[in-house]
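Structure data follow from work_34.txt (compact mmCIF, C-alpha atoms):
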# COMPACT_ATOMS: atom_id res chain seq x y z
CA MET A 1 -26.58 -20.25 20.83
CA ILE A 2 -23.70 -18.57 19.02
CA ARG A 3 -24.39 -20.63 15.90
CA TYR A 4 -27.96 -19.37 15.94
CA LEU A 5 -26.73 -15.78 16.24
CA ILE A 6 -24.29 -16.24 13.36
CA LYS A 7 -27.09 -17.63 11.19
CA ASN A 8 -29.45 -14.83 12.23
CA ASN A 9 -26.88 -12.10 11.58
CA PHE A 10 -26.18 -13.60 8.18
CA LYS A 11 -29.90 -13.35 7.35
CA LEU A 12 -29.98 -9.75 8.57
CA MET A 13 -27.10 -8.90 6.23
CA MET A 14 -28.94 -10.46 3.30
CA ARG A 15 -31.83 -8.05 3.89
CA SER A 16 -29.42 -5.30 2.81
CA VAL A 17 -28.31 -7.19 -0.28
CA THR A 18 -28.14 -3.90 -2.23
CA ASN A 19 -25.19 -2.80 -0.08
CA ILE A 20 -23.40 -6.05 -0.81
CA LEU A 21 -24.03 -5.75 -4.55
CA ILE A 22 -22.71 -2.18 -4.57
CA TYR A 23 -19.72 -3.35 -2.56
CA THR A 24 -19.04 -6.01 -5.22
CA VAL A 25 -19.79 -4.03 -8.40
CA ALA A 26 -18.40 -0.57 -7.54
CA PRO A 27 -14.74 -1.66 -7.81
CA LEU A 28 -15.39 -2.98 -11.33
CA ILE A 29 -16.75 0.40 -12.44
CA LEU A 30 -13.70 2.20 -11.03
CA VAL A 31 -11.35 -0.30 -12.66
CA ALA A 32 -12.90 0.44 -16.05
CA LEU A 33 -12.69 4.21 -15.54
CA LEU A 34 -9.23 4.46 -13.98
CA SER A 35 -7.48 1.94 -16.21
CA SER A 36 -8.75 3.85 -19.24
CA ALA A 37 -7.90 7.28 -17.83
CA PHE A 38 -4.39 6.39 -16.68
CA GLY A 39 -3.52 3.81 -19.32
CA ASP A 40 -1.24 6.22 -21.24
CA MET A 41 0.65 7.16 -18.09
CA MET A 42 1.38 3.54 -17.22
CA GLU A 43 2.29 2.64 -20.81
CA LYS A 44 4.93 5.36 -20.77
CA TYR A 45 7.07 3.12 -18.59
CA GLU A 46 6.60 -0.21 -20.33
CA ALA A 47 9.69 -2.23 -21.07
CA GLY A 48 11.72 -0.58 -23.79
CA SER A 49 10.92 3.00 -22.82
CA SER A 50 13.63 5.08 -21.17
CA VAL A 51 14.13 8.14 -19.02
CA LYS A 52 16.86 10.69 -19.79
CA ALA A 53 18.71 12.04 -16.77
CA GLY A 54 22.04 13.61 -15.91
CA TYR A 55 24.50 13.63 -13.05
CA LEU A 56 27.68 15.24 -11.79
CA VAL A 57 30.09 14.60 -8.93
CA LYS A 58 30.97 17.58 -6.76
CA GLY A 59 34.19 17.77 -4.81
CA ASP A 60 36.73 14.98 -4.80
CA GLY A 61 35.44 12.61 -7.45
CA SER A 62 38.41 10.27 -6.92
CA ASP A 63 37.15 9.26 -3.49
CA PRO A 64 36.64 5.44 -3.60
CA VAL A 65 33.34 5.65 -1.72
CA VAL A 66 31.89 8.14 -4.21
CA GLN A 67 33.32 6.26 -7.19
CA GLN A 68 31.92 2.90 -6.13
CA PHE A 69 28.51 4.21 -5.30
CA THR A 70 28.29 6.25 -8.50
CA GLU A 71 28.98 3.04 -10.41
CA MET A 72 26.22 1.28 -8.45
CA VAL A 73 23.73 3.97 -9.44
CA LYS A 74 24.84 3.93 -13.09
CA THR A 75 24.48 0.15 -13.26
CA ALA A 76 21.04 0.24 -11.64
CA ALA A 77 20.01 3.06 -13.99
CA LYS A 78 21.00 1.02 -17.03
CA ASP A 79 18.98 -1.99 -15.84
CA SER A 80 16.04 0.31 -15.03
CA LYS A 81 15.91 1.91 -18.51
CA ILE A 82 17.28 5.25 -17.31
CA VAL A 83 19.84 6.90 -19.59
CA LEU A 84 22.17 8.58 -17.10
CA SER A 85 24.71 10.94 -18.67
CA GLU A 86 27.46 12.92 -16.95
CA TYR A 87 27.51 16.73 -17.23
CA PRO A 88 30.63 18.01 -15.39
CA ASP A 89 30.28 21.45 -13.76
CA ALA A 90 26.75 21.88 -15.15
CA ASP A 91 24.02 23.87 -13.47
CA PRO A 92 21.35 21.22 -12.72
CA LYS A 93 18.33 23.44 -13.31
CA LYS A 94 19.65 24.90 -16.56
CA ILE A 95 20.85 21.58 -17.99
CA ILE A 96 17.48 19.95 -17.29
CA SER A 97 15.74 22.57 -19.43
CA LYS A 98 18.43 22.69 -22.11
CA GLU A 99 18.76 18.92 -22.62
CA SER A 100 15.10 18.04 -21.84
CA LEU A 101 16.09 15.80 -18.95
CA ALA A 102 13.66 14.19 -16.54
CA GLY A 103 15.99 14.90 -13.64
CA PHE A 104 19.51 15.47 -12.46
CA VAL A 105 21.51 13.90 -9.62
CA VAL A 106 24.34 15.67 -7.82
CA PHE A 107 26.66 13.35 -5.89
CA ASN A 108 28.65 15.10 -3.17
CA SER A 109 32.02 13.91 -1.93
CA ASP A 110 30.71 13.82 1.67
CA GLY A 111 28.40 10.91 0.88
CA THR A 112 25.21 12.85 0.19
CA TYR A 113 23.18 13.40 -2.96
CA VAL A 114 20.47 15.73 -4.26
CA VAL A 115 17.91 14.99 -6.98
CA TYR A 116 16.62 17.86 -9.15
CA GLU A 117 13.33 17.19 -10.92
CA SER A 118 11.89 18.38 -14.22
CA ASP A 119 8.50 20.06 -14.22
CA ASP A 120 7.78 18.68 -17.70
CA ASP A 121 8.37 15.01 -16.94
CA LYS A 122 7.36 14.52 -13.33
CA TYR A 123 6.91 10.76 -13.68
CA GLY A 124 10.36 10.29 -15.14
CA ALA A 125 11.76 12.50 -12.37
CA LYS A 126 10.06 10.38 -9.72
CA ALA A 127 11.40 7.25 -11.39
CA LEU A 128 14.94 8.65 -11.18
CA GLU A 129 14.49 9.75 -7.57
CA TYR A 130 13.06 6.40 -6.55
CA MET A 131 15.84 4.46 -8.26
CA VAL A 132 18.67 6.48 -6.64
CA GLY A 133 17.01 6.41 -3.23
CA THR A 134 16.41 2.67 -3.43
CA VAL A 135 20.05 1.97 -4.28
CA TYR A 136 21.19 4.12 -1.34
CA THR A 137 18.82 2.64 1.21
CA ARG A 138 19.13 -0.98 0.14
CA ALA A 139 22.91 -0.88 0.04
CA ALA A 140 23.08 0.86 3.41
CA ALA A 141 20.55 -1.50 4.98
CA VAL A 142 22.38 -4.63 3.84
CA MET A 143 25.93 -3.48 4.38
CA HIS A 144 25.58 -1.25 7.43
CA PRO A 145 22.05 -1.65 8.89
CA GLU A 146 22.60 0.44 12.03
CA MET A 147 23.22 3.50 9.86
CA TYR A 148 20.35 2.86 7.44
CA THR A 149 18.19 5.85 6.51
CA ASP A 150 14.94 5.74 4.55
CA ASN A 151 14.94 8.92 2.50
CA THR A 152 14.51 8.92 -1.25
CA ALA A 153 14.94 12.64 -1.83
CA SER A 154 18.34 13.14 -0.27
CA ALA A 155 20.28 10.85 2.02
CA GLU A 156 23.63 10.24 3.57
CA PHE A 157 25.42 7.08 2.58
CA PRO A 158 27.86 6.14 5.38
CA GLU A 159 31.45 5.66 4.26
CA THR A 160 31.80 2.69 6.60
CA ALA A 161 29.12 0.91 4.58
CA ILE A 162 31.60 0.45 1.72
CA ASP A 163 34.83 -1.45 2.04
CA THR A 164 37.41 0.77 0.32
CA LYS A 165 40.11 -1.90 0.16
CA ALA A 166 41.46 -2.48 -3.31
CA ASP A 167 40.44 -6.17 -3.35
CA ALA A 168 36.99 -5.65 -1.88
CA GLU A 169 33.99 -6.74 -3.95
CA LEU A 170 31.02 -4.48 -3.59
CA PRO A 171 27.63 -6.16 -4.14
CA VAL A 172 25.37 -4.24 -6.50
CA TYR A 173 21.62 -4.28 -6.02
CA HIS A 174 19.27 -3.65 -8.92
CA PRO A 175 15.92 -2.38 -7.61
CA ASP A 176 12.74 -3.21 -9.50
CA PHE A 177 11.58 0.35 -8.97
CA LEU A 178 9.13 0.44 -11.87
CA SER A 179 8.06 -3.05 -12.71
CA PRO A 180 6.21 -3.21 -16.03
CA ILE A 181 2.55 -3.38 -14.96
CA GLU A 182 -0.40 -2.29 -17.08
CA ALA A 183 -2.95 0.19 -15.77
CA THR A 184 -5.71 -2.43 -15.99
CA ASP A 185 -3.73 -4.88 -13.85
CA TYR A 186 -2.75 -2.22 -11.34
CA TYR A 187 -6.17 -0.67 -10.82
CA GLY A 188 -7.89 -4.04 -11.16
CA ILE A 189 -5.98 -5.14 -8.08
CA ILE A 190 -5.81 -2.07 -5.88
CA GLU A 191 -9.48 -1.06 -6.24
CA VAL A 192 -10.54 -4.50 -5.02
CA VAL A 193 -8.34 -3.94 -1.98
CA PHE A 194 -9.58 -0.39 -1.39
CA PHE A 195 -13.27 -1.30 -1.49
CA GLY A 196 -12.53 -4.38 0.60
CA TRP A 197 -11.60 -2.03 3.43
CA CYS A 198 -15.09 -0.52 3.33
CA ALA A 199 -16.37 -3.81 4.77
CA ILE A 200 -18.49 -2.07 7.38
CA VAL A 201 -21.21 -1.32 4.78
CA CYS A 202 -21.91 -5.04 4.54
CA GLY A 203 -22.83 -5.10 8.24
CA ALA A 204 -25.42 -2.32 7.92
CA GLY A 205 -28.28 -4.81 8.19
CA ILE A 206 -27.01 -6.07 11.53
CA PHE A 207 -26.46 -2.59 12.95
CA VAL A 208 -29.88 -1.31 11.87
CA ALA A 209 -31.66 -4.34 13.33
CA GLU A 210 -29.79 -4.05 16.62
CA LYS A 211 -30.95 -0.46 17.06
CA LYS A 212 -34.48 -0.98 15.76
CA TYR A 213 -35.29 -4.09 17.80
CA ARG A 214 -32.83 -3.49 20.67
CA ILE A 215 -31.29 -6.88 20.03
CA GLY A 216 -28.08 -5.95 21.84
CA LYS A 217 -29.85 -5.26 25.13
CA LYS A 218 -31.88 -8.47 24.88
CA LEU A 219 -28.71 -10.48 24.38
CA LYS A 220 -27.19 -9.07 27.56
CA VAL A 221 -29.35 -11.47 29.59
CA SER A 222 -28.56 -14.47 27.38
CA GLY A 223 -25.42 -15.38 29.29
CA LEU A 224 -23.22 -15.00 26.24
CA SER A 225 -19.87 -13.29 26.73
CA GLU A 226 -18.82 -10.19 24.82
CA THR A 227 -16.35 -12.35 22.91
CA GLN A 228 -19.16 -14.61 21.72
CA LEU A 229 -21.35 -11.65 20.76
CA TYR A 230 -18.42 -10.13 18.87
CA LEU A 231 -17.71 -13.36 16.99
CA ALA A 232 -21.40 -13.66 16.12
CA LYS A 233 -21.01 -10.45 14.11
CA LEU A 234 -17.45 -10.95 12.88
CA ILE A 235 -17.88 -14.41 11.34
CA PRO A 236 -20.88 -13.72 9.04
CA MET A 237 -19.50 -10.29 8.06
CA LEU A 238 -16.13 -11.82 7.23
CA MET A 239 -17.77 -14.54 5.15
CA VAL A 240 -19.72 -11.99 3.08
CA VAL A 241 -16.80 -9.56 2.73
CA ALA A 242 -14.24 -12.24 1.83
CA ILE A 243 -16.53 -13.95 -0.69
CA SER A 244 -17.48 -10.59 -2.24
CA SER A 245 -13.81 -9.59 -2.58
CA LEU A 246 -12.90 -12.92 -4.18
CA VAL A 247 -15.89 -12.71 -6.55
CA THR A 248 -14.88 -9.17 -7.54
CA ALA A 249 -11.30 -10.33 -8.12
CA ALA A 250 -12.58 -13.18 -10.31
CA LEU A 251 -14.75 -10.75 -12.28
CA THR A 252 -11.74 -8.50 -12.94
CA VAL A 253 -10.11 -11.49 -14.62
CA VAL A 254 -13.18 -12.30 -16.71
CA LEU A 255 -14.10 -8.73 -17.66
CA PHE A 256 -10.72 -6.99 -17.84
CA ASP A 257 -8.20 -9.83 -18.09
CA VAL A 258 -6.46 -8.67 -14.90
CA HIS A 259 -3.43 -10.80 -14.06
CA TRP A 260 -3.31 -11.85 -10.42
CA GLY A 261 0.11 -13.29 -9.66
CA SER A 262 0.33 -16.44 -7.50
CA PRO A 263 -3.47 -16.84 -7.28
CA ALA A 264 -3.47 -18.86 -4.04
CA LEU A 265 -1.18 -16.41 -2.26
CA SER A 266 -3.07 -13.41 -3.63
CA ALA A 267 -6.36 -14.95 -2.47
CA LEU A 268 -4.90 -15.48 1.01
CA ILE A 269 -3.80 -11.84 1.20
CA LEU A 270 -7.27 -10.70 0.05
CA ILE A 271 -8.95 -12.84 2.71
CA LEU A 272 -6.63 -11.53 5.44
CA SER A 273 -7.26 -8.00 4.19
CA ALA A 274 -11.02 -8.63 4.36
CA ALA A 275 -10.68 -9.99 7.90
CA ALA A 276 -8.64 -6.96 9.00
CA ALA A 277 -11.15 -4.57 7.38
CA THR A 278 -14.08 -6.34 9.07
CA ALA A 279 -12.45 -6.29 12.50
CA PHE A 280 -11.47 -2.65 11.99
CA GLY A 281 -15.06 -1.65 11.20
CA LEU A 282 -16.54 -3.64 14.08
CA MET A 283 -14.10 -1.98 16.45
CA PHE A 284 -15.51 1.46 15.61
CA TYR A 285 -19.08 0.20 15.91
CA SER A 286 -18.41 -1.48 19.24
CA ILE A 287 -16.89 1.72 20.62
CA THR A 288 -19.46 4.21 19.24
CA GLN A 289 -22.59 2.02 19.03
CA ASN A 290 -23.58 4.29 16.15
CA ALA A 291 -23.63 2.93 12.60
CA VAL A 292 -23.44 6.33 10.88
CA VAL A 293 -20.52 7.57 12.99
CA SER A 294 -18.72 4.25 12.53
CA ILE A 295 -19.15 4.28 8.75
CA ILE A 296 -17.88 7.86 8.52
CA ALA A 297 -14.88 7.09 10.75
CA VAL A 298 -14.01 4.00 8.72
CA PHE A 299 -14.38 5.79 5.38
CA VAL A 300 -12.14 8.67 6.48
CA SER A 301 -9.50 6.24 7.78
CA VAL A 302 -9.65 4.10 4.64
CA TRP A 303 -9.51 7.14 2.34
CA LEU A 304 -6.36 8.40 4.08
CA ALA A 305 -4.76 4.96 4.03
CA GLY A 306 -5.68 4.59 0.36
CA PHE A 307 -4.40 8.06 -0.49
CA PHE A 308 -0.95 7.26 0.88
CA GLY A 309 -1.16 3.61 -0.16
CA GLY A 310 -1.55 4.07 -3.91
CA SER A 311 -5.31 3.58 -4.33
CA PHE A 312 -5.63 6.84 -6.30
CA GLU A 313 -2.17 7.95 -7.40
CA THR A 314 -0.02 4.89 -8.07
CA TYR A 315 2.43 4.27 -5.23
CA MET A 316 5.20 4.14 -7.84
CA PHE A 317 4.75 7.79 -8.78
CA SER A 318 3.37 9.06 -5.49
CA THR A 319 4.98 12.16 -4.02
CA SER A 320 3.95 11.20 -0.48
CA PRO A 321 6.80 10.64 2.01
CA GLN A 322 7.82 6.99 2.34
CA THR A 323 7.15 7.14 6.08
CA LEU A 324 3.46 7.88 5.47
CA LYS A 325 3.27 5.08 2.92
CA ASN A 326 4.79 2.61 5.35
CA ILE A 327 2.18 3.28 8.04
CA SER A 328 -0.65 2.61 5.59
CA PRO A 329 -1.73 -1.05 5.67
CA ILE A 330 -3.25 -0.60 2.21
CA TYR A 331 0.19 0.34 0.83
CA HIS A 332 1.71 -2.97 1.95
CA ILE A 333 -1.25 -4.96 0.60
CA ASN A 334 -1.32 -3.04 -2.70
CA ARG A 335 2.38 -3.38 -3.24
CA ALA A 336 2.43 -7.09 -2.35
CA LEU A 337 -0.38 -7.90 -4.79
CA ALA A 338 0.85 -5.59 -7.57
CA GLU A 339 4.37 -7.01 -7.41
CA LEU A 340 3.04 -10.57 -7.33
CA SER A 341 1.18 -9.69 -10.52
CA CYS A 342 4.09 -8.17 -12.44
CA MET A 343 7.10 -9.98 -10.92
CA GLY A 344 5.71 -13.17 -9.40
CA HIS A 345 7.21 -12.31 -5.99
CA SER A 346 7.23 -9.46 -3.50
CA ASP A 347 9.15 -8.51 -0.38
CA TYR A 348 5.93 -6.92 0.90
CA VAL A 349 3.97 -10.17 1.25
CA LYS A 350 5.36 -10.74 4.74
CA SER A 351 4.65 -7.22 5.97
CA ALA A 352 1.14 -7.29 4.45
CA VAL A 353 0.30 -10.54 6.26
CA ILE A 354 1.78 -9.39 9.58
CA ILE A 355 -0.01 -6.03 9.46
CA CYS A 356 -3.37 -7.64 8.67
CA ILE A 357 -3.02 -10.12 11.53
CA ALA A 358 -2.00 -7.31 13.89
CA ILE A 359 -5.04 -5.23 12.91
CA ILE A 360 -7.36 -8.21 13.40
CA PHE A 361 -5.95 -8.88 16.87
CA VAL A 362 -5.82 -5.28 18.10
CA SER A 363 -9.24 -4.34 16.69
CA SER A 364 -10.85 -7.45 18.17
CA VAL A 365 -9.35 -6.86 21.60
CA LEU A 366 -10.50 -3.21 21.62
CA ALA A 367 -14.01 -4.15 20.43
CA ILE A 368 -14.45 -6.81 23.11
CA LEU A 369 -12.99 -4.51 25.75
CA ALA A 370 -15.43 -1.74 24.79
CA GLY A 371 -18.32 -4.21 25.07
CA ASN A 372 -17.21 -5.35 28.52
CA ILE A 373 -16.94 -1.75 29.71
CA ARG A 374 -20.48 -1.00 28.57
CA ARG A 375 -21.74 -4.17 30.23
CA ARG A 376 -20.19 -3.20 33.56
CA ARG A 377 -21.81 0.22 33.26
CA GLY A 378 -25.17 -1.41 32.61
CA GLU A 379 -25.53 0.15 29.17

Kindly transcribe the structure held in the file into structure tokens.
Amino acid sequence: MIRYLIKNNFKLMMRSVTNILIYTVAPLILVALLSSAFGDMMEKYEAGSSVKAGYLVKGDGSDPVVQQFTEMVKTAAKDSKIVLSEYPDADPKKIISKESLAGFVVFNSDGTYVVYESDDDKYGAKALEYMVGTVYTRAAAVMHPEMYTDNTASAEFPETAIDTKADAELPVYHPDFLSPIEATDYYGIIEVVFFGWCAIVCGAGIFVAEKKYRIGKKLKVSGLSETQLYLAKLIPMLMVVAISSLVTAALTVVLFDVHWGSPALSALILILSAAAATAFGLMFYSITQNAVVSIIAVFVSVWLAGFFGGSFETYMFSTSPQTLKNISPIYHINRALAELSCMGHSDYVKSAVIICIAIIFVSSVLAILAGNIRRRRGE
């Protein structure tokens, strides 16, 4: 019986083939537009370009903690194409304007820092801020995890995180804060992900038929459980969404020469993302039993997740707080795929996979639970 329902639901989806075509083609149009519009911005930070910035140490600059960490930042800056020059006793705001700096870092003797940003070079300023914050947080997390803080604008680096003994060797971490990725590669990847999360539009044919012919009520007497009825929708929707996403990804390679790093792993992440998006959309439909309300709710949720996740403004230059980025599943997926493209590896692959699986599980449980509640009420 469930196989018949899966086949029937698949046919119902094919009646709304226009939705599926739009779902597949729309990302390609956005890739062409965005990669062209933001190409200059991304090229500004290709390998070989540099960012001019300054720094000063306030208070006791001979403190070993401050000295060692300042050296860590200077080393990371050099590897990250940031020219970091010292300006003793300078006024940060005035020196930025006078020397045309992208930003200025003030290191305090109490283990804190402040980043001043230029209004004329906001991307360079964000690059500086991200680099300094990454060095602080990564060093603190590795060397003293219980005191780790995730704050890229200003943070406290615990003195106990650094061994101040004369013979101590301090590990230096070089963050890949702005990996060289072209606008076409970046938007060719993240727009496929963003539209993939609008998976609910592919199920419009099923939802319309259920309401028009009251299929849901007829199936209540079939003896099928809510889990089986849920899977009868999930499986065909997932097949269409996953295949559409993979086809779109393949077309980005053919049409725009987008570089997908580790193709097998990237494909797996796209499929898991499609599964999470499908389950997420079905959860709203199962709760509301209204296609229009469900689509609106999904689109609002996806837009917010995409806004903080780098679907519009690149996550590298985004001014959104890191906390908001971290709660966006799209951020983890975007960053995993973008870093696989430009570096061949990513620390975000694990979190992207875990988050997708968690969304699939939680959404499915809530959808089935909502169906069981309606059944007990006789709806």

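Proximity to Gln322 in chain A was assessed for A:Leu224, A:Ile20, A:Ser97, A:Phe308 counting only C-alpha atoms; the smallest distance is recorded for A:Phe308.
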
task = Compare A:Val25, A:Val115, A:Val362, A:Ala276 by their minimum atom-to-atom distance to Val192 in chain A, counting all atoms listed in the file, and give me the closest one.
result =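 Under the stated criterion, the closest residue is A:Val25.
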
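Here CA of Arg3 in chain A stands at a distance of 24.3 Å from CA of Ser273 in chain A.
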
task = Work out how far apart CA of Tyr331 in chain A and CA of Phe284 in chain A are and give it in Å to one decimal.
result = 21.6 Å

inquiry  = Using Å and a single decimal, report how far CA of Tyr136 in chain A sits from CA of Ile95 in chain A.
reply    = 24.1 Å

Pick from A:Ile295, A:Leu231, A:Ile269, A:Leu5 nearest to Ile354 in chain A, counting all atoms listed in the file =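 The closest residue to Ile354 in chain A is A:Ile269.
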
With 3 Å of padding per side, what axis-aligned box (centre and edge lengths, Å, one decimal) covers all the listed atoms of range 268-286 of chain A? Give it as JSON.
{"center_x": -11.4, "center_y": -7.0, "center_z": 9.6, "size_x": 21.3, "size_y": 22.9, "size_z": 25.2}

query = Which is closer to Pro27 in chain A than all the others in A:Thr134, A:Thr248, A:Ser311, A:Thr319, using all atoms listed in the file?
reply =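 When distances to Pro27 in chain A are compared using all atoms listed in the file, the smallest one comes from A:Thr248.
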
task = Would you list the contacts of Phe299 in chain A as a PyMOL selection string, taking every protein, DNA or RNA residue within 10 Å and counting all atoms listed in the file, but skipping same-chain residues closer than 4 positions in sequence?
result = chain A and resi 195+197-201+281+293-295+303-305

task = Dump as a PyMOL selection string all residues having an atom at most 9 Å from (1.4, 3.4, 1.8), computed in the file's coordinates with all atoms listed in the file.
result = chain A and resi 305-310+315+320+322-335

inquiry  = At a cut-off of 10 Å, using all atoms listed in the file, what residues contact range 11-15 of chain A? Leave out same-chain residues fewer than 2 positions from it and give the result as a PyMOL selection string.
reply    = chain A and resi 5-9+17-20+201-210+236-237+240

Limited to C-alpha atoms, could you put the picked residues into a file as a PDB file, keeping the file's coordinate frame?
ATOM      1  CA  LEU A   5     -26.730 -15.780  16.240  1.00  0.00           C
ATOM      2  CA  ILE A   6     -24.290 -16.240  13.360  1.00  0.00           C
ATOM      3  CA  LYS A   7     -27.090 -17.630  11.190  1.00  0.00           C
ATOM      4  CA  ASN A   8     -29.450 -14.830  12.230  1.00  0.00           C
ATOM      5  CA  ASN A   9     -26.880 -12.100  11.580  1.00  0.00           C
ATOM      6  CA  VAL A  17     -28.310  -7.190  -0.280  1.00  0.00           C
ATOM      7  CA  THR A  18     -28.140  -3.900  -2.230  1.00  0.00           C
ATOM      8  CA  ASN A  19     -25.190  -2.800  -0.080  1.00  0.00           C
ATOM      9  CA  ILE A  20     -23.400  -6.050  -0.810  1.00  0.00           C
ATOM     10  CA  VAL A 201     -21.210  -1.320   4.780  1.00  0.00           C
ATOM     11  CA  CYS A 202     -21.910  -5.040   4.540  1.00  0.00           C
ATOM     12  CA  GLY A 203     -22.830  -5.100   8.240  1.00  0.00           C
ATOM     13  CA  ALA A 204     -25.420  -2.320   7.920  1.00  0.00           C
ATOM     14  CA  GLY A 205     -28.280  -4.810   8.190  1.00  0.00           C
ATOM     15  CA  ILE A 206     -27.010  -6.070  11.530  1.00  0.00           C
ATOM     16  CA  PHE A 207     -26.460  -2.590  12.950  1.00  0.00           C
ATOM     17  CA  VAL A 208     -29.880  -1.310  11.870  1.00  0.00           C
ATOM     18  CA  ALA A 209     -31.660  -4.340  13.330  1.00  0.00           C
ATOM     19  CA  GLU A 210     -29.790  -4.050  16.620  1.00  0.00           C
ATOM     20  CA  PRO A 236     -20.880 -13.720   9.040  1.00  0.00           C
ATOM     21  CA  MET A 237     -19.500 -10.290   8.060  1.00  0.00           C
ATOM     22  CA  VAL A 240     -19.720 -11.990   3.080  1.00  0.00           C
TER      23      VAL A 240
END

message = Which residues are close to Val51 in chain A, i.e. within 10 Å by only C-alpha atoms, leaving aside same-chain residues fewer than 3 positions away? Reply as a ChimeraX atom specification.
response = /A:44-45,77,80-84,101-103,121,123-125,127-128

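Residues surrounding Ser225 in chain A within 10 Å are Leu219, Leu231, Ile368, Gly371, Asn372 and Arg375 of chain A [all atoms listed in the file; sequence separation below 6 positions excluded].
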
Export, as a CSV table (one decimal), keeping the file's coordinate frame, the selected residues with C-alpha atoms.
chain,number,residue,atom,x,y,z
A,219,LEU,CA,-28.7,-10.5,24.4
A,231,LEU,CA,-17.7,-13.4,17.0
A,368,ILE,CA,-14.4,-6.8,23.1
A,371,GLY,CA,-18.3,-4.2,25.1
A,372,ASN,CA,-17.2,-5.4,28.5
A,375,ARG,CA,-21.7,-4.2,30.2

ask   = Within 10 Å of Glu99 in chain A, counting all atoms listed in the file, which residues qualify if same-chain residues fewer than 5 places away don't, as a PyMOL selection string?
value = chain A and resi 52-54+94

request  = Identify which of the residues A:Ala26, A:Ala279, A:Leu268, A:Val106 lies closest to Lys350 in chain A, counting all atoms listed in the file when measuring atom-to-atom distances.
outcome  =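 Going through A:Ala26, A:Ala279, A:Leu268, A:Val106 one by one, the smallest distance to Lys350 in chain A is for A:Leu268.
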